[in-house]
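K.L.:
One file: target-v2.cif (mmCIF, C-alpha atoms).
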```
data_upload
loop_
_atom_site.group_PDB
_atom_site.id
_atom_site.type_symbol
_atom_site.label_atom_id
_atom_site.label_comp_id
_atom_site.auth_asym_id
_atom_site.auth_seq_id
_atom_site.Cartn_x
_atom_site.Cartn_y
_atom_site.Cartn_z
ATOM 1 C CA MET A 1 133.462 -2.617 -172.086
ATOM 2 C CA ILE A 2 136.515 -0.632 -173.085
ATOM 3 C CA ASP A 3 136.089 2.546 -175.133
ATOM 4 C CA GLY A 4 138.322 3.861 -177.933
ATOM 5 C CA GLN A 5 140.583 5.637 -175.418
ATOM 6 C CA GLY A 6 141.143 2.472 -173.368
ATOM 7 C CA ALA A 7 138.870 3.409 -170.463
ATOM 8 C CA VAL A 8 136.553 0.855 -168.874
ATOM 9 C CA VAL A 9 133.074 2.315 -169.416
ATOM 10 C CA ALA A 10 130.907 -0.636 -168.342
ATOM 11 C CA ARG A 11 131.387 -3.837 -166.385
ATOM 12 C CA TYR A 12 129.115 -6.846 -166.106
ATOM 13 C CA ASP A 13 129.366 -9.634 -163.521
ATOM 14 C CA LYS A 14 127.736 -12.878 -164.653
ATOM 15 C CA ILE A 15 124.407 -13.380 -162.878
ATOM 16 C CA HIS A 16 123.847 -17.112 -163.440
ATOM 17 C CA MET A 17 126.481 -19.576 -162.208
ATOM 18 C CA PHE A 18 127.120 -22.752 -164.205
ATOM 19 C CA ASP A 19 126.499 -25.419 -161.538
ATOM 20 C CA VAL A 20 125.645 -28.564 -163.497
ATOM 21 C CA GLU A 21 126.156 -32.319 -163.649
ATOM 22 C CA LEU A 22 126.416 -33.563 -167.220
ATOM 23 C CA ALA A 23 125.999 -37.205 -166.218
ATOM 24 C CA GLY A 24 124.483 -38.287 -169.517
ATOM 25 C CA VAL A 25 127.240 -36.700 -171.603
ATOM 26 C CA GLY A 26 130.542 -37.854 -170.181
ATOM 27 C CA GLY A 27 130.008 -37.284 -166.481
ATOM 28 C CA GLN A 28 131.330 -33.735 -166.460
ATOM 29 C CA SER A 29 130.661 -31.627 -163.359
ATOM 30 C CA TYR A 30 130.911 -27.853 -163.004
ATOM 31 C CA ARG A 31 130.512 -25.661 -159.883
ATOM 32 C CA GLU A 32 131.182 -22.020 -160.721
ATOM 33 C CA SER A 33 129.546 -20.937 -157.475
ATOM 34 C CA SER A 34 132.355 -22.619 -155.529
ATOM 35 C CA THR A 35 134.810 -20.110 -157.007
ATOM 36 C CA PHE A 36 132.749 -17.064 -158.013
ATOM 37 C CA ARG A 37 129.974 -14.902 -156.599
ATOM 38 C CA PRO A 38 127.166 -14.139 -159.026
ATOM 39 C CA GLY A 39 126.479 -10.612 -160.176
ATOM 40 C CA GLU A 40 123.260 -8.930 -159.126
ATOM 41 C CA ARG A 41 122.390 -6.536 -161.930
ATOM 42 C CA SER A 42 122.028 -6.460 -165.671
ATOM 43 C CA VAL A 43 124.142 -3.972 -167.612
ATOM 44 C CA LEU A 44 123.708 -1.862 -170.731
ATOM 45 C CA ALA A 45 126.557 -0.024 -172.450
ATOM 46 C CA GLU A 46 126.183 2.892 -174.840
ATOM 47 C CA THR A 47 128.292 2.395 -177.971
ATOM 48 C CA PRO A 48 128.730 4.620 -181.038
ATOM 49 C CA TRP A 49 126.385 2.222 -182.889
ATOM 50 C CA GLY A 50 123.663 1.675 -180.288
ATOM 51 C CA VAL A 51 122.969 0.179 -176.889
ATOM 52 C CA LEU A 52 124.647 -3.137 -176.053
ATOM 53 C CA GLY A 53 123.254 -5.548 -173.463
ATOM 54 C CA MET A 54 126.095 -7.361 -171.707
ATOM 55 C CA THR A 55 125.812 -10.995 -170.547
ATOM 56 C CA ILE A 56 128.091 -14.020 -170.189
ATOM 57 C CA CYS A 57 127.847 -17.689 -171.171
ATOM 58 C CA TYR A 58 125.331 -19.549 -168.931
ATOM 59 C CA ASP A 59 123.161 -16.398 -168.795
ATOM 60 C CA LEU A 60 122.115 -17.478 -172.306
ATOM 61 C CA ARG A 61 119.692 -19.986 -170.771
ATOM 62 C CA PHE A 62 117.603 -17.299 -169.043
ATOM 63 C CA PRO A 63 115.498 -15.565 -171.720
ATOM 64 C CA TYR A 64 113.871 -13.059 -169.353
ATOM 65 C CA LEU A 65 117.289 -11.408 -168.867
ATOM 66 C CA TYR A 66 117.507 -10.701 -172.607
ATOM 67 C CA ARG A 67 113.932 -9.416 -172.839
ATOM 68 C CA ASP A 68 114.687 -7.063 -169.933
ATOM 69 C CA LEU A 69 117.783 -5.795 -171.752
ATOM 70 C CA ALA A 70 115.807 -5.266 -174.973
ATOM 71 C CA HIS A 71 113.019 -3.454 -173.091
ATOM 72 C CA ALA A 72 115.686 -1.214 -171.536
ATOM 73 C CA GLY A 73 117.006 -0.216 -174.979
ATOM 74 C CA ALA A 74 119.483 -2.883 -176.144
ATOM 75 C CA VAL A 75 119.710 -3.361 -179.906
ATOM 76 C CA MET A 76 122.768 -5.614 -179.632
ATOM 77 C CA LEU A 77 123.580 -8.367 -177.136
ATOM 78 C CA SER A 78 127.035 -9.674 -176.251
ATOM 79 C CA ILE A 79 127.350 -13.226 -174.947
ATOM 80 C CA PRO A 80 131.034 -14.192 -174.627
ATOM 81 C CA SER A 81 131.095 -17.869 -173.738
ATOM 82 C CA SER A 82 132.988 -20.994 -172.848
ATOM 83 C CA PHE A 83 130.379 -23.662 -173.659
ATOM 84 C CA THR A 84 131.317 -27.290 -173.118
ATOM 85 C CA VAL A 85 131.441 -29.444 -176.242
ATOM 86 C CA PRO A 86 128.345 -31.512 -175.300
ATOM 87 C CA THR A 87 126.170 -28.510 -174.367
ATOM 88 C CA GLY A 88 127.473 -26.546 -177.344
ATOM 89 C CA GLN A 89 126.654 -29.304 -179.815
ATOM 90 C CA ALA A 90 123.169 -29.668 -178.360
ATOM 91 C CA HIS A 91 122.142 -26.064 -177.650
ATOM 92 C CA TRP A 92 124.538 -23.304 -178.805
ATOM 93 C CA HIS A 93 123.100 -22.332 -182.199
ATOM 94 C CA THR A 94 119.480 -22.839 -181.177
ATOM 95 C CA LEU A 95 119.751 -20.672 -178.051
ATOM 96 C CA MET A 96 121.708 -17.907 -179.817
ATOM 97 C CA ARG A 97 119.135 -17.713 -182.593
ATOM 98 C CA ALA A 98 116.287 -17.792 -180.053
ATOM 99 C CA ARG A 99 117.721 -14.851 -178.085
ATOM 100 C CA ALA A 100 118.069 -12.811 -181.302
ATOM 101 C CA ILE A 101 114.532 -13.631 -182.443
ATOM 102 C CA GLU A 102 112.900 -13.091 -179.024
ATOM 103 C CA THR A 103 114.453 -9.656 -178.599
ATOM 104 C CA GLY A 104 114.838 -8.435 -182.176
ATOM 105 C CA CYS A 105 118.503 -7.744 -181.358
ATOM 106 C CA PHE A 106 121.795 -8.575 -182.997
ATOM 107 C CA VAL A 107 123.662 -11.220 -180.970
ATOM 108 C CA PHE A 108 127.466 -11.319 -180.857
ATOM 109 C CA ALA A 109 128.936 -14.332 -179.083
ATOM 110 C CA PRO A 110 132.706 -14.809 -179.068
ATOM 111 C CA ALA A 111 133.435 -18.302 -177.805
ATOM 112 C CA GLN A 112 136.453 -20.183 -176.494
ATOM 113 C CA VAL A 113 137.485 -23.241 -178.484
ATOM 114 C CA GLY A 114 139.784 -26.182 -177.856
ATOM 115 C CA THR A 115 141.298 -28.085 -174.947
ATOM 116 C CA HIS A 116 142.278 -25.943 -171.965
ATOM 117 C CA LYS A 117 145.858 -26.240 -170.691
ATOM 118 C CA GLY A 118 146.256 -28.184 -167.477
ATOM 119 C CA SER A 119 142.885 -29.918 -167.816
ATOM 120 C CA ASN A 120 140.910 -32.153 -170.112
ATOM 121 C CA ARG A 121 138.203 -29.497 -170.416
ATOM 122 C CA LYS A 122 137.160 -28.882 -174.010
ATOM 123 C CA THR A 123 135.134 -25.932 -175.218
ATOM 124 C CA TYR A 124 132.866 -25.838 -178.248
ATOM 125 C CA GLY A 125 133.887 -22.635 -180.004
ATOM 126 C CA HIS A 126 131.662 -21.444 -182.837
ATOM 127 C CA SER A 127 131.921 -17.701 -182.243
ATOM 128 C CA ILE A 128 128.764 -16.431 -183.872
ATOM 129 C CA ALA A 129 126.888 -13.331 -184.971
ATOM 130 C CA VAL A 130 123.122 -13.577 -185.406
ATOM 131 C CA ALA A 131 120.754 -11.026 -186.977
ATOM 132 C CA PRO A 132 117.484 -9.961 -185.287
ATOM 133 C CA TRP A 133 115.413 -12.203 -187.590
ATOM 134 C CA GLY A 134 117.516 -15.211 -186.545
ATOM 135 C CA GLU A 135 119.881 -15.540 -189.500
ATOM 136 C CA VAL A 136 123.388 -16.670 -188.614
ATOM 137 C CA LEU A 137 125.620 -14.017 -190.187
ATOM 138 C CA VAL A 138 128.898 -15.723 -189.335
ATOM 139 C CA ASP A 139 130.010 -18.864 -187.490
ATOM 140 C CA ALA A 140 133.755 -19.124 -186.868
ATOM 141 C CA GLY A 141 133.599 -22.893 -186.447
ATOM 142 C CA GLY A 142 134.787 -25.099 -183.638
ATOM 143 C CA GLU A 143 138.156 -26.356 -184.749
ATOM 144 C CA LYS A 144 140.678 -23.638 -183.945
ATOM 145 C CA ALA A 145 141.081 -20.126 -182.574
ATOM 146 C CA GLY A 146 140.507 -17.280 -184.985
ATOM 147 C CA PHE A 147 138.176 -14.387 -185.633
ATOM 148 C CA ALA A 148 135.147 -13.596 -187.717
ATOM 149 C CA ILE A 149 133.755 -10.400 -189.196
ATOM 150 C CA ALA A 150 130.128 -9.672 -190.024
ATOM 151 C CA ASP A 151 128.500 -6.680 -191.664
ATOM 152 C CA ILE A 152 125.489 -5.504 -189.704
ATOM 153 C CA ASP A 153 122.713 -3.083 -190.531
ATOM 154 C CA LEU A 154 121.050 -1.773 -187.364
ATOM 155 C CA ALA A 155 117.916 -0.910 -189.399
ATOM 156 C CA LYS A 156 117.246 -4.678 -189.259
ATOM 157 C CA VAL A 157 116.448 -4.289 -185.535
ATOM 158 C CA ASP A 158 113.508 -1.996 -186.308
ATOM 159 C CA ASP A 159 112.478 -4.178 -189.260
ATOM 160 C CA ALA A 160 112.331 -7.343 -187.134
ATOM 161 C CA ARG A 161 110.566 -5.590 -184.252
ATOM 162 C CA LYS A 162 107.937 -4.132 -186.617
ATOM 163 C CA MET A 163 107.259 -7.475 -188.305
ATOM 164 C CA VAL A 164 106.792 -9.288 -184.977
ATOM 165 C CA PRO A 165 106.271 -6.682 -182.225
ATOM 166 C CA ALA A 166 106.518 -9.214 -179.388
ATOM 167 C CA LEU A 167 108.339 -6.778 -177.089
ATOM 168 C CA GLN A 168 105.249 -4.553 -177.245
ATOM 169 C CA HIS A 169 102.999 -7.489 -176.376
ATOM 170 C CA ASP A 170 104.562 -8.467 -173.042
ATOM 171 C CA ARG A 171 101.961 -8.642 -170.293
ATOM 172 C CA LYS A 172 102.099 -9.098 -166.545
ATOM 173 C CA TYR A 173 100.495 -12.304 -165.338
ATOM 174 C CA SER A 174 99.954 -14.251 -162.158
ATOM 175 C CA ALA A 175 102.234 -17.072 -161.097
ATOM 176 C CA PRO A 176 101.129 -20.538 -162.220
ATOM 177 C CA VAL A 177 98.741 -22.523 -160.040
ATOM 178 C CA LEU A 178 98.821 -26.312 -160.024
ATOM 179 C CA HIS A 179 95.421 -27.912 -160.575
ATOM 180 C CA LYS A 180 95.073 -31.575 -159.730
ATOM 181 C CA ALA A 181 93.305 -33.838 -162.156
ATOM 182 C CA THR A 182 90.985 -36.468 -160.744
ATOM 183 C CA VAL A 183 90.793 -39.993 -162.033
ATOM 184 C CA PRO A 184 87.317 -41.543 -162.080
ATOM 185 C CA LYS A 185 86.892 -44.735 -160.070
ATOM 186 C CA ALA A 186 86.493 -47.923 -162.074
ATOM 187 C CA ALA A 187 82.901 -49.143 -162.360
ATOM 188 C CA GLU A 188 82.084 -52.232 -160.306
#
```
As structure tokens - that is how I would like this structure written.

P.N.:
Amino acid sequence: MIDGQGAVVARYDKIHMFDVELAGVGGQSYRESSTFRPGERSVLAETPWGVLGMTICYDLRFPYLYRDLAHAGAVMLSIPSSFTVPTGQAHWHTLMRARAIETGCFVFAPAQVGTHKGSNRKTYGHSIAVAPWGEVLVDAGGEKAGFAIADIDLAKVDDARKMVPALQHDRKYSAPVLHKATVPKAAE
């Protein structure tokens, strides 16, 4: 996060590495952990408008991270991403809207789009802004690079959190226990 004077005021290192085999969708394979070390802490940044929770790309699939950020004071979430075309088509909009709804936060997700030079890797694009109630405010599309602007009203954070106060309803619970079902023996 760079402030208005050009100083780095917050830095986030991606916690969750994208190590996947997309066998059913073109046989693509990714191993971020072979090149990068994962981060070990979540990060909040104070902005002139409110607290921003910082995450990156594959982190999107771990909802507890976003709830933790919201509990710690985030009213906005940033999720810059480089989603593959197959995973983007299947999950991008749904997961972005879910994170906004679950946390009552605005979600801002700039996203790479197009074919990357020197490879056949294609990214989905669709930079998006989502309101705390789950409405998509802007979707930049997935055809070409560009930018999008959305008007936001931070009062919508309180509105959404009052209507469905799920963050206030979190409870500690025990880990799941597997119970085995028994099958009755056939009558002779």

K.L.:
List the residues selected by the PyMOL selection byres ((chain A and resi 155-167) around 6) in the file shown, writing them as a count of residues only.

P.N.:
9

K.L.:
Work out how far atom CA of Pro48 of chain A is from atom CA of Ser81 of chain A, in Å to one decimal.

P.N.:
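Interatomic distance here is 23.8 Å.
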
K.L.:
Written as a VMD selection string, which residues does the PyMOL selection byres ((chain A and resi 82) around 7) give for the file shown?

P.N.:
chain A and resid 57 81 83 to 84 111 to 112 123

K.L.:
What is the distance, in Å and to one decimal place, between atom CA of Thr55 of chain A and atom CA of Pro176 of chain A?

P.N.:
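Atom CA of Pro176 of chain A lies at a distance of 27.7 Å from atom CA of Thr55 of chain A.
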
K.L.:
What gap, in Å, lies between atom CA of Ile56 of chain A and atom CA of Ser78 of chain A?

P.N.:
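Spanning atom CA of Ile56 of chain A to atom CA of Ser78 of chain A is a straight-line distance of 7.5 Å.
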
K.L.:
Fewer than 4 positions away in the same chain doesn't count, so skip those; otherwise give me all residues within 9 Å of Ala100 of chain A, counting only C-alpha atoms, as a PyMOL selection string.

P.N.:
chain A and resi 66+76-77+95-96+104-107+130-135

K.L.:
Carefully work through the PyMOL selection byres ((chain A and resi 138-144) around 6) for this structure and note down the residues it includes, as a PyMOL selection string.

P.N.:
chain A and resi 124-129+136-137+145+148

K.L.:
Which residue is closest to Met1 of chain A? Choose from A:Met54, A:Ala72, A:Ile15, A:Leu22 and count only C-alpha atoms.

P.N.:
A:Met54

K.L.:
Extending 4 Å beyond the listed atoms of segment 106-117 of chain A on each side, what axis-aligned box results? I want centre and edge lengths in Å to one decimal, as JSON.

P.N.:
```
{"center_x": 133.8, "center_y": -18.3, "center_z": -176.8, "size_x": 32.1, "size_y": 27.5, "size_z": 20.3}
```

K.L.:
Counting all atoms listed in the file, figure out which residue out of A:Ala23, A:Leu44, A:Ala70, A:Ile149 gets nearest to Thr87 of chain A.

P.N.:
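The shortest atom-to-atom distance to Thr87 of chain A comes from A:Ala23.
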
K.L.:
Would you mind putting back N, CA and C atoms on segment 140-167 of chain A, then writing it out as an mmCIF file, in the frame of the given file?

P.N.:
```
data_model
loop_
_atom_site.group_PDB
_atom_site.id
_atom_site.type_symbol
_atom_site.label_atom_id
_atom_site.label_comp_id
_atom_site.auth_asym_id
_atom_site.auth_seq_id
_atom_site.Cartn_x
_atom_site.Cartn_y
_atom_site.Cartn_z
ATOM 1 N N ALA A 140 132.311 -18.924 -186.721
ATOM 2 C CA ALA A 140 133.755 -19.124 -186.868
ATOM 3 C C ALA A 140 134.180 -20.584 -186.786
ATOM 4 N N GLY A 141 133.256 -21.484 -186.524
ATOM 5 C CA GLY A 141 133.599 -22.893 -186.447
ATOM 6 C C GLY A 141 134.137 -23.290 -185.082
ATOM 7 N N GLY A 142 134.378 -24.589 -184.929
ATOM 8 C CA GLY A 142 134.787 -25.099 -183.638
ATOM 9 C C GLY A 142 136.086 -25.864 -183.643
ATOM 10 N N GLU A 143 136.922 -25.598 -184.623
ATOM 11 C CA GLU A 143 138.156 -26.356 -184.749
ATOM 12 C C GLU A 143 139.384 -25.654 -184.183
ATOM 13 N N LYS A 144 139.483 -24.342 -184.381
ATOM 14 C CA LYS A 144 140.678 -23.638 -183.945
ATOM 15 C C LYS A 144 140.357 -22.176 -183.643
ATOM 16 N N ALA A 145 141.246 -21.537 -182.915
ATOM 17 C CA ALA A 145 141.081 -20.126 -182.574
ATOM 18 C C ALA A 145 141.182 -19.280 -183.840
ATOM 19 N N GLY A 146 140.475 -18.176 -183.835
ATOM 20 C CA GLY A 146 140.507 -17.280 -184.985
ATOM 21 C C GLY A 146 139.591 -16.102 -184.722
ATOM 22 N N PHE A 147 139.112 -15.492 -185.777
ATOM 23 C CA PHE A 147 138.176 -14.387 -185.633
ATOM 24 C C PHE A 147 137.222 -14.409 -186.811
ATOM 25 N N ALA A 148 136.147 -13.690 -186.661
ATOM 26 C CA ALA A 148 135.147 -13.596 -187.717
ATOM 27 C C ALA A 148 134.657 -12.163 -187.783
ATOM 28 N N ILE A 149 134.263 -11.747 -188.980
ATOM 29 C CA ILE A 149 133.755 -10.400 -189.196
ATOM 30 C C ILE A 149 132.397 -10.514 -189.865
ATOM 31 N N ALA A 150 131.455 -9.685 -189.410
ATOM 32 C CA ALA A 150 130.128 -9.672 -190.024
ATOM 33 C C ALA A 150 129.700 -8.239 -190.251
ATOM 34 N N ASP A 151 129.102 -7.981 -191.406
ATOM 35 C CA ASP A 151 128.500 -6.680 -191.664
ATOM 36 C C ASP A 151 127.123 -6.671 -191.043
ATOM 37 N N ILE A 152 126.822 -5.596 -190.305
ATOM 38 C CA ILE A 152 125.489 -5.504 -189.704
ATOM 39 C C ILE A 152 124.822 -4.205 -190.147
ATOM 40 N N ASP A 153 123.525 -4.241 -190.194
ATOM 41 C CA ASP A 153 122.713 -3.083 -190.531
ATOM 42 C C ASP A 153 121.704 -2.932 -189.398
ATOM 43 N N LEU A 154 121.911 -1.935 -188.538
ATOM 44 C CA LEU A 154 121.050 -1.773 -187.364
ATOM 45 C C LEU A 154 119.589 -1.472 -187.717
ATOM 46 N N ALA A 155 119.308 -1.096 -188.973
ATOM 47 C CA ALA A 155 117.916 -0.910 -189.399
ATOM 48 C C ALA A 155 117.154 -2.238 -189.314
ATOM 49 N N LYS A 156 117.892 -3.352 -189.350
ATOM 50 C CA LYS A 156 117.246 -4.678 -189.259
ATOM 51 C C LYS A 156 116.603 -4.893 -187.889
ATOM 52 N N VAL A 157 117.071 -4.199 -186.859
ATOM 53 C CA VAL A 157 116.448 -4.289 -185.535
ATOM 54 C C VAL A 157 115.027 -3.768 -185.623
ATOM 55 N N ASP A 158 114.852 -2.562 -186.164
ATOM 56 C CA ASP A 158 113.508 -1.996 -186.308
ATOM 57 C C ASP A 158 112.646 -2.844 -187.231
ATOM 58 N N ASP A 159 113.237 -3.339 -188.321
ATOM 59 C CA ASP A 159 112.478 -4.178 -189.260
ATOM 60 C C ASP A 159 111.914 -5.404 -188.549
ATOM 61 N N ALA A 160 112.769 -6.122 -187.818
ATOM 62 C CA ALA A 160 112.331 -7.343 -187.134
ATOM 63 C C ALA A 160 111.283 -7.024 -186.073
ATOM 64 N N ARG A 161 111.505 -5.946 -185.324
ATOM 65 C CA ARG A 161 110.566 -5.590 -184.252
ATOM 66 C C ARG A 161 109.234 -5.089 -184.788
ATOM 67 N N LYS A 162 109.209 -4.542 -185.997
ATOM 68 C CA LYS A 162 107.937 -4.132 -186.617
ATOM 69 C C LYS A 162 107.182 -5.341 -187.153
ATOM 70 N N MET A 163 107.918 -6.292 -187.737
ATOM 71 C CA MET A 163 107.259 -7.475 -188.305
ATOM 72 C C MET A 163 106.611 -8.322 -187.216
ATOM 73 N N VAL A 164 107.323 -8.535 -186.115
ATOM 74 C CA VAL A 164 106.792 -9.288 -184.977
ATOM 75 C C VAL A 164 107.046 -8.439 -183.732
ATOM 76 N N PRO A 165 106.060 -7.615 -183.339
ATOM 77 C CA PRO A 165 106.271 -6.682 -182.225
ATOM 78 C C PRO A 165 106.085 -7.321 -180.850
ATOM 79 N N ALA A 166 106.711 -8.458 -180.635
ATOM 80 C CA ALA A 166 106.518 -9.214 -179.388
ATOM 81 C C ALA A 166 106.925 -8.424 -178.147
ATOM 82 N N LEU A 167 107.935 -7.564 -178.254
ATOM 83 C CA LEU A 167 108.339 -6.778 -177.089
ATOM 84 C C LEU A 167 107.225 -5.825 -176.645
#
```
